[in-house]
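Colleague: So that you have it, the file is entry_35.csv, and it contains CSV, C-alpha atoms and all ligand atoms:
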chain,number,residue,atom,x,y,z
E,24,MET,CA,-53.7,-2.0,-8.3
E,25,LEU,CA,-50.3,-1.9,-6.6
E,26,GLU,CA,-49.4,1.2,-4.6
E,27,PRO,CA,-46.3,3.0,-6.0
E,28,TRP,CA,-43.4,2.3,-3.7
E,29,HIS,CA,-42.1,5.2,-1.7
E,30,PHE,CA,-38.8,5.2,0.3
E,31,SER,CA,-39.2,6.6,3.8
E,32,ASP,CA,-36.6,9.0,5.1
E,33,SER,CA,-34.9,6.2,7.1
E,34,ASP,CA,-34.8,4.0,3.9
E,35,TYR,CA,-33.1,6.8,2.2
E,36,ILE,CA,-30.6,7.2,5.0
E,37,GLN,CA,-29.9,3.4,5.1
E,38,ILE,CA,-29.6,3.2,1.3
E,39,SER,CA,-27.3,6.1,1.0
E,40,VAL,CA,-25.1,4.9,3.9
E,41,ILE,CA,-24.8,1.5,2.2
E,42,CYS,CA,-24.0,3.0,-1.2
E,43,TYR,CA,-21.5,5.4,0.4
E,44,LEU,CA,-19.7,2.5,2.2
E,45,LYS,CA,-19.8,0.3,-0.9
E,46,THR,CA,-18.8,2.8,-3.6
E,47,VAL,CA,-17.0,5.7,-2.0
E,48,HIS,CA,-14.8,3.9,0.4
E,49,GLN,CA,-13.8,0.4,1.0
E,50,PRO,CA,-11.1,-0.2,3.6
E,51,VAL,CA,-8.2,-2.0,2.1
E,52,LEU,CA,-7.3,-5.5,3.4
E,53,ILE,CA,-9.8,-5.1,6.3
E,54,LYS,CA,-10.1,-8.9,7.0
E,55,GLU,CA,-6.3,-9.2,7.1
E,56,VAL,CA,-5.9,-6.1,9.2
E,57,ILE,CA,-8.2,-7.5,11.8
E,58,LYS,CA,-6.7,-11.0,11.7
E,59,TYR,CA,-3.1,-9.8,12.1
E,60,LEU,CA,-3.6,-6.9,14.5
E,61,GLY,CA,-6.2,-8.7,16.5
E,62,PRO,CA,-7.8,-5.8,18.4
E,63,GLU,CA,-9.5,-7.1,21.6
E,64,PRO,CA,-12.1,-5.7,23.9
E,65,SER,CA,-10.8,-2.9,26.2
E,66,GLU,CA,-7.6,-2.4,24.1
E,67,ILE,CA,-6.2,1.0,23.0
E,68,VAL,CA,-5.9,1.4,19.3
E,69,VAL,CA,-4.2,4.3,17.4
E,70,ASP,CA,-5.3,4.7,13.8
E,71,GLY,CA,-2.7,7.2,12.6
E,72,THR,CA,-4.4,7.7,9.2
E,73,ILE,CA,-8.1,7.5,10.1
E,74,GLY,CA,-9.3,8.8,6.8
E,75,LEU,CA,-13.0,8.1,6.4
E,76,GLY,CA,-12.9,5.7,9.4
E,77,GLY,CA,-13.2,2.5,7.4
E,78,HIS,CA,-10.7,0.5,9.4
E,79,SER,CA,-11.5,2.3,12.6
E,80,GLN,CA,-15.2,1.3,12.4
E,81,THR,CA,-14.1,-2.3,12.8
E,82,PHE,CA,-11.5,-1.4,15.4
E,83,LEU,CA,-14.2,0.2,17.4
E,84,GLU,CA,-16.5,-2.8,17.1
E,85,LYS,CA,-13.7,-5.2,18.1
E,86,THR,CA,-12.5,-3.2,21.1
E,87,ASN,CA,-16.0,-2.8,22.5
E,88,PRO,CA,-16.7,-2.5,25.4
E,89,HIS,CA,-14.3,-0.2,27.2
E,90,GLY,CA,-11.8,0.1,24.3
E,91,ARG,CA,-10.4,3.4,23.2
E,92,LEU,CA,-9.7,4.5,19.7
E,93,ILE,CA,-7.4,7.4,18.9
E,94,GLY,CA,-7.9,8.6,15.4
E,95,ILE,CA,-5.4,10.9,13.7
E,96,ASP,CA,-5.5,12.6,10.3
E,97,LEU,CA,-3.8,15.7,8.8
E,98,ASP,CA,-7.0,16.5,6.9
E,99,LYS,CA,-9.7,18.3,8.8
E,100,GLU,CA,-12.4,17.7,6.2
E,101,THR,CA,-11.6,13.9,6.2
E,102,LEU,CA,-11.7,13.9,10.0
E,103,CYS,CA,-15.2,15.4,10.0
E,104,LYS,CA,-16.4,12.6,7.7
E,105,ALA,CA,-14.8,10.0,10.1
E,106,GLN,CA,-16.5,11.6,13.1
E,107,GLU,CA,-19.9,11.5,11.3
E,108,ARG,CA,-19.4,7.9,10.6
E,109,LEU,CA,-18.1,6.8,14.0
E,110,LYS,CA,-19.9,9.0,16.4
E,111,LEU,CA,-22.7,6.5,17.1
E,112,LEU,CA,-20.4,3.7,18.1
E,113,ASP,CA,-20.0,3.1,21.7
E,114,ASN,CA,-16.4,3.3,22.7
E,115,THR,CA,-14.4,6.3,23.6
E,116,LEU,CA,-13.3,8.0,20.5
E,117,HIS,CA,-10.6,10.7,20.4
E,118,LEU,CA,-9.9,12.4,17.1
E,119,PHE,CA,-6.9,14.6,16.4
E,120,CYS,CA,-6.2,16.8,13.4
E,121,ASP,CA,-2.4,16.1,13.6
E,122,ASN,CA,0.5,14.3,12.0
E,123,PHE,CA,1.0,10.6,13.0
E,124,VAL,CA,4.6,11.5,13.9
E,125,ASN,CA,3.1,13.1,17.0
E,126,THR,CA,1.5,9.9,18.3
E,127,GLY,CA,3.7,10.0,21.4
E,128,ALA,CA,2.6,13.5,22.4
E,129,ILE,CA,-1.0,12.6,21.6
E,130,LEU,CA,-0.9,9.5,23.9
E,131,GLU,CA,0.7,11.6,26.6
E,132,GLY,CA,-1.9,14.3,26.3
E,133,LEU,CA,-4.5,11.6,27.0
E,134,GLY,CA,-2.6,10.4,30.0
E,135,LEU,CA,-1.5,7.2,28.2
E,136,LYS,CA,2.0,5.9,27.8
E,137,THR,CA,1.5,3.3,25.1
E,138,ALA,CA,-1.1,1.7,22.8
E,139,ASP,CA,-2.0,-2.0,22.1
E,140,VAL,CA,-2.4,-1.5,18.4
E,141,ILE,CA,-0.9,1.2,16.1
E,142,PHE,CA,-2.0,1.2,12.5
E,143,LEU,CA,-1.2,3.2,9.4
E,144,ASP,CA,-2.9,3.0,6.0
E,145,LEU,CA,-0.7,5.4,4.0
E,146,GLY,CA,-1.5,7.6,1.1
E,147,VAL,CA,-4.6,9.5,0.2
E,148,SER,CA,-8.3,8.6,0.8
E,149,SER,CA,-10.8,8.1,-1.9
E,150,TYR,CA,-12.5,11.2,-0.6
E,151,GLN,CA,-9.3,13.3,-1.2
E,152,LEU,CA,-8.6,11.6,-4.6
E,153,ASP,CA,-12.2,12.1,-5.9
E,154,SER,CA,-12.3,15.8,-4.8
E,155,ASP,CA,-12.3,18.3,-7.7
E,156,ILE,CA,-10.6,21.0,-5.6
E,157,ARG,CA,-7.9,19.1,-3.8
E,158,GLY,CA,-5.9,18.5,-7.0
E,159,PHE,CA,-4.6,14.9,-6.2
E,160,SER,CA,-5.8,13.3,-9.4
E,161,PHE,CA,-4.8,13.8,-13.0
E,162,LEU,CA,-8.1,12.5,-14.1
E,163,ARG,CA,-10.0,15.5,-12.6
E,164,ASP,CA,-9.5,19.1,-13.5
E,165,GLY,CA,-8.6,21.0,-10.4
E,166,PRO,CA,-6.0,23.4,-8.9
E,167,LEU,CA,-2.5,22.1,-8.4
E,168,ASP,CA,-2.8,21.7,-4.6
E,169,MET,CA,-2.3,18.1,-3.2
E,170,ARG,CA,-2.0,19.2,0.4
E,171,MET,CA,-3.3,16.7,3.0
E,172,SER,CA,-3.2,19.4,5.7
E,173,LEU,CA,-5.0,22.5,4.7
E,174,SER,CA,-3.0,24.8,7.0
E,175,PRO,CA,-2.2,28.1,5.3
E,176,GLY,CA,1.3,28.7,4.2
E,177,THR,CA,2.2,25.1,3.6
E,178,LEU,CA,3.8,24.0,0.3
E,179,ASN,CA,1.5,23.0,-2.5
E,180,ALA,CA,2.0,21.3,-5.9
E,181,GLY,CA,1.5,24.6,-7.8
E,182,LYS,CA,4.5,26.1,-5.9
E,183,VAL,CA,6.7,23.0,-6.6
E,184,VAL,CA,5.8,22.9,-10.3
E,185,ASN,CA,6.1,26.7,-10.9
E,186,GLN,CA,9.0,27.6,-8.6
E,187,TYR,CA,11.4,24.6,-8.3
E,188,SER,CA,14.4,24.7,-10.6
E,189,SER,CA,14.6,22.2,-13.4
E,190,GLU,CA,17.2,20.2,-11.4
E,191,MET,CA,15.0,20.2,-8.3
E,192,LEU,CA,12.0,19.0,-10.3
E,193,GLU,CA,14.1,16.2,-11.9
E,194,GLU,CA,15.3,15.1,-8.5
E,195,VAL,CA,11.7,15.0,-7.1
E,196,PHE,CA,10.4,13.0,-10.1
E,197,ARG,CA,13.3,10.6,-10.0
E,198,ASN,CA,13.5,10.1,-6.2
E,199,TYR,CA,9.8,10.0,-5.4
E,200,GLY,CA,8.3,8.8,-8.6
E,201,GLU,CA,11.1,6.5,-9.9
E,202,GLU,CA,10.4,8.2,-13.2
E,203,ARG,CA,13.0,7.3,-15.9
E,204,LEU,CA,12.1,10.4,-18.0
E,205,ALA,CA,12.4,12.8,-15.0
E,206,ARG,CA,14.8,15.2,-16.8
E,207,ARG,CA,12.7,15.4,-20.0
E,208,ILE,CA,9.5,16.0,-18.1
E,209,ALA,CA,11.2,18.7,-15.8
E,210,ARG,CA,12.6,20.5,-18.8
E,211,GLN,CA,9.2,20.5,-20.6
E,212,ILE,CA,7.6,21.9,-17.4
E,213,VAL,CA,10.1,24.7,-17.2
E,214,LYS,CA,9.7,25.5,-20.9
E,215,HIS,CA,6.0,25.7,-20.5
E,216,ARG,CA,5.9,27.8,-17.4
E,217,GLU,CA,8.2,30.4,-19.1
E,218,LYS,CA,5.2,31.3,-21.2
E,219,GLU,CA,2.5,31.0,-18.5
E,220,PRO,CA,2.2,29.5,-15.0
E,221,ILE,CA,0.9,25.9,-14.8
E,222,LYS,CA,-2.3,26.1,-12.8
E,223,THR,CA,-4.3,22.9,-13.1
E,224,THR,CA,-4.0,19.2,-12.9
E,225,THR,CA,-5.1,18.5,-16.4
E,226,GLN,CA,-2.7,21.2,-17.8
E,227,LEU,CA,0.2,19.5,-16.0
E,228,ALA,CA,-1.0,16.0,-17.2
E,229,GLN,CA,-1.0,17.2,-20.8
E,230,ILE,CA,2.5,18.6,-20.5
E,231,ILE,CA,3.8,15.3,-19.1
E,232,LYS,CA,2.0,13.4,-21.8
E,233,ARG,CA,3.6,15.5,-24.5
E,234,ALA,CA,7.0,15.2,-22.9
E,235,ILE,CA,6.8,11.4,-22.9
E,236,PHE,CA,5.2,11.1,-26.4
E,237,SER,CA,5.3,7.3,-26.4
E,238,GLY,CA,2.5,4.9,-27.5
E,239,TRP,CA,0.5,2.6,-25.2
E,240,GLN,CA,1.5,2.5,-21.5
E,241,ARG,CA,0.4,0.2,-18.7
E,242,ILE,CA,-0.3,3.2,-16.5
E,243,HIS,CA,-1.2,6.8,-17.2
E,244,PRO,CA,2.0,8.8,-18.2
E,245,ALA,CA,1.3,11.3,-15.3
E,246,THR,CA,1.0,8.6,-12.6
E,247,ARG,CA,4.6,8.7,-11.4
E,248,VAL,CA,5.0,12.5,-11.5
E,249,PHE,CA,1.7,13.0,-9.6
E,250,GLN,CA,2.9,10.5,-6.9
E,251,ALA,CA,6.2,12.3,-6.7
E,252,LEU,CA,4.6,15.7,-6.2
E,253,ARG,CA,2.3,14.4,-3.5
E,254,ILE,CA,5.2,12.9,-1.6
E,255,GLU,CA,7.2,16.1,-1.9
E,256,VAL,CA,4.3,18.4,-0.9
E,257,ASN,CA,3.3,16.3,2.1
E,258,LYS,CA,6.8,15.1,3.1
E,259,GLU,CA,5.4,11.6,3.2
E,260,LEU,CA,8.6,9.6,3.3
E,261,ASP,CA,10.1,11.9,6.0
E,262,ASN,CA,6.9,11.4,8.1
E,263,LEU,CA,7.1,7.7,7.7
E,264,LYS,CA,10.8,7.6,8.6
E,265,ASP,CA,10.1,9.7,11.8
E,266,PHE,CA,7.2,7.4,12.7
E,267,LEU,CA,9.2,4.2,12.2
E,268,ALA,CA,12.1,5.6,14.3
E,269,ARG,CA,9.8,6.0,17.3
E,270,VAL,CA,7.0,3.5,17.1
E,271,PRO,CA,8.4,0.9,19.4
E,272,GLU,CA,8.3,3.5,22.3
E,273,TRP,CA,4.6,3.9,21.8
E,274,LEU,CA,3.7,0.2,21.9
E,275,SER,CA,2.8,-1.8,25.0
E,276,ALA,CA,4.3,-5.2,25.6
E,277,ASN,CA,2.9,-7.4,22.9
E,278,GLY,CA,1.5,-4.3,21.1
E,279,ARG,CA,1.1,-4.7,17.4
E,280,VAL,CA,2.1,-2.2,14.7
E,281,GLY,CA,0.6,-2.7,11.2
E,282,ILE,CA,1.3,-0.6,8.1
E,283,ILE,CA,-0.3,-0.7,4.6
E,284,SER,CA,1.8,1.0,2.0
E,285,PHE,CA,1.1,1.6,-1.7
E,286,HIS,CA,4.4,2.0,-3.4
E,287,SER,CA,7.9,0.4,-3.1
E,288,LEU,CA,9.5,3.5,-1.6
E,289,GLU,CA,7.2,3.3,1.5
E,290,ASP,CA,7.3,-0.5,1.6
E,291,ARG,CA,11.1,-0.6,1.6
E,292,LEU,CA,11.2,1.8,4.6
E,293,VAL,CA,8.8,-0.3,6.6
E,294,LYS,CA,10.5,-3.6,5.7
E,295,THR,CA,14.0,-2.3,6.6
E,296,ALA,CA,12.8,-0.7,9.9
E,297,PHE,CA,11.0,-3.9,11.0
E,298,ARG,CA,14.1,-6.0,10.0
E,299,ASP,CA,16.4,-3.8,12.0
E,300,TYR,CA,14.1,-3.9,15.1
E,301,HIS,CA,13.9,-7.6,14.7
E,302,LYS,CA,17.7,-7.9,14.7
E,303,THR,CA,17.9,-6.0,18.0
E,304,GLY,CA,15.1,-7.9,19.6
E,305,ILE,CA,12.7,-5.0,19.8
E,306,LEU,CA,10.0,-6.2,17.4
E,307,GLU,CA,9.1,-9.6,16.1
E,308,ILE,CA,8.0,-9.7,12.5
E,309,ILE,CA,4.7,-11.4,12.0
E,310,THR,CA,4.5,-11.1,8.3
E,311,ARG,CA,7.7,-12.5,6.7
E,312,LYS,CA,6.3,-11.4,3.3
E,313,PRO,CA,3.9,-8.5,2.9
E,314,ILE,CA,0.2,-9.4,2.8
E,315,THR,CA,-1.5,-8.4,-0.4
E,316,PRO,CA,-5.2,-8.3,-1.5
E,317,ASP,CA,-6.7,-11.4,-3.0
E,318,SER,CA,-8.0,-11.4,-6.6
E,319,VAL,CA,-11.6,-10.7,-5.4
E,320,GLU,CA,-10.5,-7.5,-3.5
E,321,ARG,CA,-8.3,-6.4,-6.4
E,322,GLN,CA,-11.2,-6.7,-8.8
E,323,GLU,CA,-13.8,-5.1,-6.5
E,324,ASN,CA,-11.5,-2.3,-5.4
E,325,PRO,CA,-8.8,-1.4,-8.0
E,326,ARG,CA,-7.2,1.1,-5.6
E,327,SER,CA,-6.2,-1.9,-3.4
E,328,ARG,CA,-4.0,-3.4,-6.1
E,329,SER,CA,-0.7,-2.1,-5.0
E,330,ALA,CA,-1.3,-2.5,-1.2
E,331,LYS,CA,1.2,-4.2,0.9
E,332,PHE,CA,0.6,-4.9,4.6
E,333,ARG,CA,3.3,-5.6,7.2
E,334,VAL,CA,2.9,-6.3,10.9
E,335,ALA,CA,5.3,-6.6,13.8
E,336,VAL,CA,4.8,-7.1,17.5
E,337,ARG,CA,6.7,-5.4,20.4
E,338,VAL,CA,8.6,-7.9,22.4
E,339,ILE,CA,10.0,-7.1,25.8
E,340,PRO,CA,13.0,-9.4,26.8
E,341,LYS,CA,12.4,-11.1,30.1
E,342,GLY,CA,13.4,-9.1,33.1
E,343,LYS,CA,13.5,-5.9,31.1
E,344,ASP,CA,11.2,-2.9,31.3
E,345,ILE,CA,9.6,-1.2,28.3
E,346,LEU,CA,11.9,1.3,26.6
P,401,LIG,C1,-5.6,5.8,2.6
P,401,LIG,S1,-6.3,7.1,3.7
P,401,LIG,C2,-6.8,6.2,5.1
P,401,LIG,C3,-8.2,5.5,4.9
P,401,LIG,C4,-8.7,4.9,6.2
P,401,LIG,N1,-7.9,3.7,6.6
P,401,LIG,C5,-10.1,4.4,6.0
P,401,LIG,O1,-10.4,3.2,6.0
P,401,LIG,O2,-11.0,5.3,5.8
P,401,LIG,C6,-4.9,7.9,4.3
P,401,LIG,C7,-5.2,9.1,5.2
P,401,LIG,O3,-4.0,9.4,5.9
P,401,LIG,C8,-3.9,10.8,6.0
P,401,LIG,N2,-2.5,11.0,6.2
P,401,LIG,C9,-1.5,10.9,5.4
P,401,LIG,N3,-0.3,11.2,6.0
P,401,LIG,C10,-0.6,11.5,7.2
P,401,LIG,C11,0.2,11.9,8.4
P,401,LIG,N4,1.6,12.1,8.3
P,401,LIG,N5,-0.4,12.1,9.5
P,401,LIG,C12,-1.7,12.0,9.7
P,401,LIG,N6,-2.6,11.7,8.6
P,401,LIG,C13,-2.0,11.4,7.4
P,401,LIG,C14,-4.5,11.3,4.8
P,401,LIG,O4,-5.0,12.6,5.0
P,401,LIG,C15,-5.6,10.3,4.5
P,401,LIG,O5,-6.9,10.8,5.0
Please render this file's structure as structure tokens.
Modeller:
Amino acid sequence: MLEPWHFSDSDYIQISVICYLKTVHQPVLIKEVIKYLGPEPSEIVVDGTIGLGGHSQTFLEKTNPHGRLIGIDLDKETLCKAQERLKLLDNTLHLFCDNFVNTGAILEGLGLKTADVIFLDLGVSSYQLDSDIRGFSFLRDGPLDMRMSLSPGTLNAGKVVNQYSSEMLEEVFRNYGEERLARRIARQIVKHREKEPIKTTTQLAQIIKRAIFSGWQRIHPATRVFQALRIEVNKELDNLKDFLARVPEWLSANGRVGIISFHSLEDRLVKTAFRDYHKTGILEIITRKPITPDSVERQENPRSRSAKFRVAVRVIPKGKDIL
């Protein structure tokens, strides 16, 4: 008779790590990120949005031995997950709970002037999106929070929704969500909150759905408003602008900067900044058109569908010093 099969503890650990990596988080465009950023042994890499460490795991493997990885994230919880995942890898790993706009100060604190690769994978991680208590998703019932950084006193989505005037809400939804029905949705929110405060993600999603009252739509009616609120709460476009204004200073000669964005507002900022630096001979653009996921990746990882990846390299004109 066959013996019943028992998993050993190490089988369980291996299986759960594989399931975790496969289902919970798949780094977007990983092959392309490695191909275009080309991290080499001994190089210094900054992952400004380390998230769950998906891209960084490969950065560490490629920069082995003697490489250094500097991982930054606003979210302490996410950073702990990244640490768990990456701690066994060999290279020197430095993690910072900080904003990527502070990359310069972080490098300086480590006694470094520049990095060879600087990478951003913008937006939220699957861990944040799938959390019931972080309030990023209209598909999960949770408090209206949406903060990436959990520092007390910072703005959250509940404050925006319940305290901004109708005009301010309209502006946020129009500017950051490109929502055509921004005014109608803002007015419906104000009308609702006069009766009772809006506390949860599903409550808000219902209000938006009722305000729009149209038939079939390609995306969920709350998609644009939730994107707009997240951008407002976390000042996402301001952060990206600040980063883009300074990133050449943080790159070594031939240093590469790569950015994955997930909506046109971000991609436009990256495209324009790279083009301006190209014109002034500071960066050379490597990706004339943004790199997007192939059909296999889009199918396997629906969250990758809107990803756009742009890369540029720091050029130093002959006879000149770095900035
Ligand atoms: C899409 S996830 C990154 C996923 C990561 N590349 C991976 O493979 O696991 C984006 C991460 O960036 C972080 N983030 C967003 N804006 C940030 C900022 N201004 N500074 C630092 N981290 C930021 C978020 O908290 C989130 O964890």
Colleague: Please identify the residues whose atoms come within 6 Å of ligand LIG 401 (chain P), using all atoms listed in the file, and report them as a list in words.
Modeller: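 Going residue by residue within 6 Å of ligand LIG 401 (chain P), we get Pro50, Gly71, Thr72, Ile73, Gly74, Leu75, Gly76, Gly77, His78, Ile95, Asp96, Leu97, Asp98, Thr101, Asp121, Asn122, Phe123, Asp144, Leu145, Gly146, Val147, Ser148, Met171 and Asn262 of chain E.
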Colleague: Name the closest residue to Pro316 of chain E among the candidates E:Ser160, E:Gln106, E:Ser329, E:Ser154; distances are taken between atoms, counting all atoms listed in the file.
Modeller: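 For Pro316 of chain E, the nearest of the candidates is E:Ser329.
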Colleague: Neighbouring residues of Leu178 of chain E were defined as those with any atom within 9 Å, considering only C-alpha atoms; residues of the same chain fewer than 2 positions away were excluded. Please report them as a VMD selection string.
Modeller: chain E and resid 168 170 175 to 176 180 to 183 255 to 257
Colleague: For Gly127 of chain E, which of E:Ala296, E:Leu162, E:Val280, E:Val69 is the closest residue, counting all atoms listed in the file?
Modeller: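 Counting all atoms listed in the file, the residue closest to Gly127 of chain E is E:Val69.
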Colleague: Need to verify the contact set: Glu55 of chain E, 10 Å, all atoms listed in the file, exclusion of same-chain residues closer than 5 positions in sequence. Can you return it as a ChimeraX atom specification?
Modeller: /E:60-61,314-316,332
Colleague: Near Ile93 of chain E, counting all atoms listed in the file, which residues have an atom at most 9 Å away, once you skip same-chain residues fewer than 3 positions from it, shown as a compact mmCIF listing (two decimals) with C-alpha atoms, keeping the file's coordinate frame?
Modeller:
# COMPACT_ATOMS: atom_id res chain seq x y z
CA ILE E 67 -6.20 1.00 23.00
CA VAL E 68 -5.90 1.40 19.30
CA VAL E 69 -4.20 4.30 17.40
CA ASP E 70 -5.30 4.70 13.80
CA GLY E 71 -2.70 7.20 12.60
CA ILE E 73 -8.10 7.50 10.10
CA THR E 115 -14.40 6.30 23.60
CA LEU E 116 -13.30 8.00 20.50
CA HIS E 117 -10.60 10.70 20.40
CA LEU E 118 -9.90 12.40 17.10
CA PHE E 119 -6.90 14.60 16.40
CA ILE E 129 -1.00 12.60 21.60
CA LEU E 130 -0.90 9.50 23.90
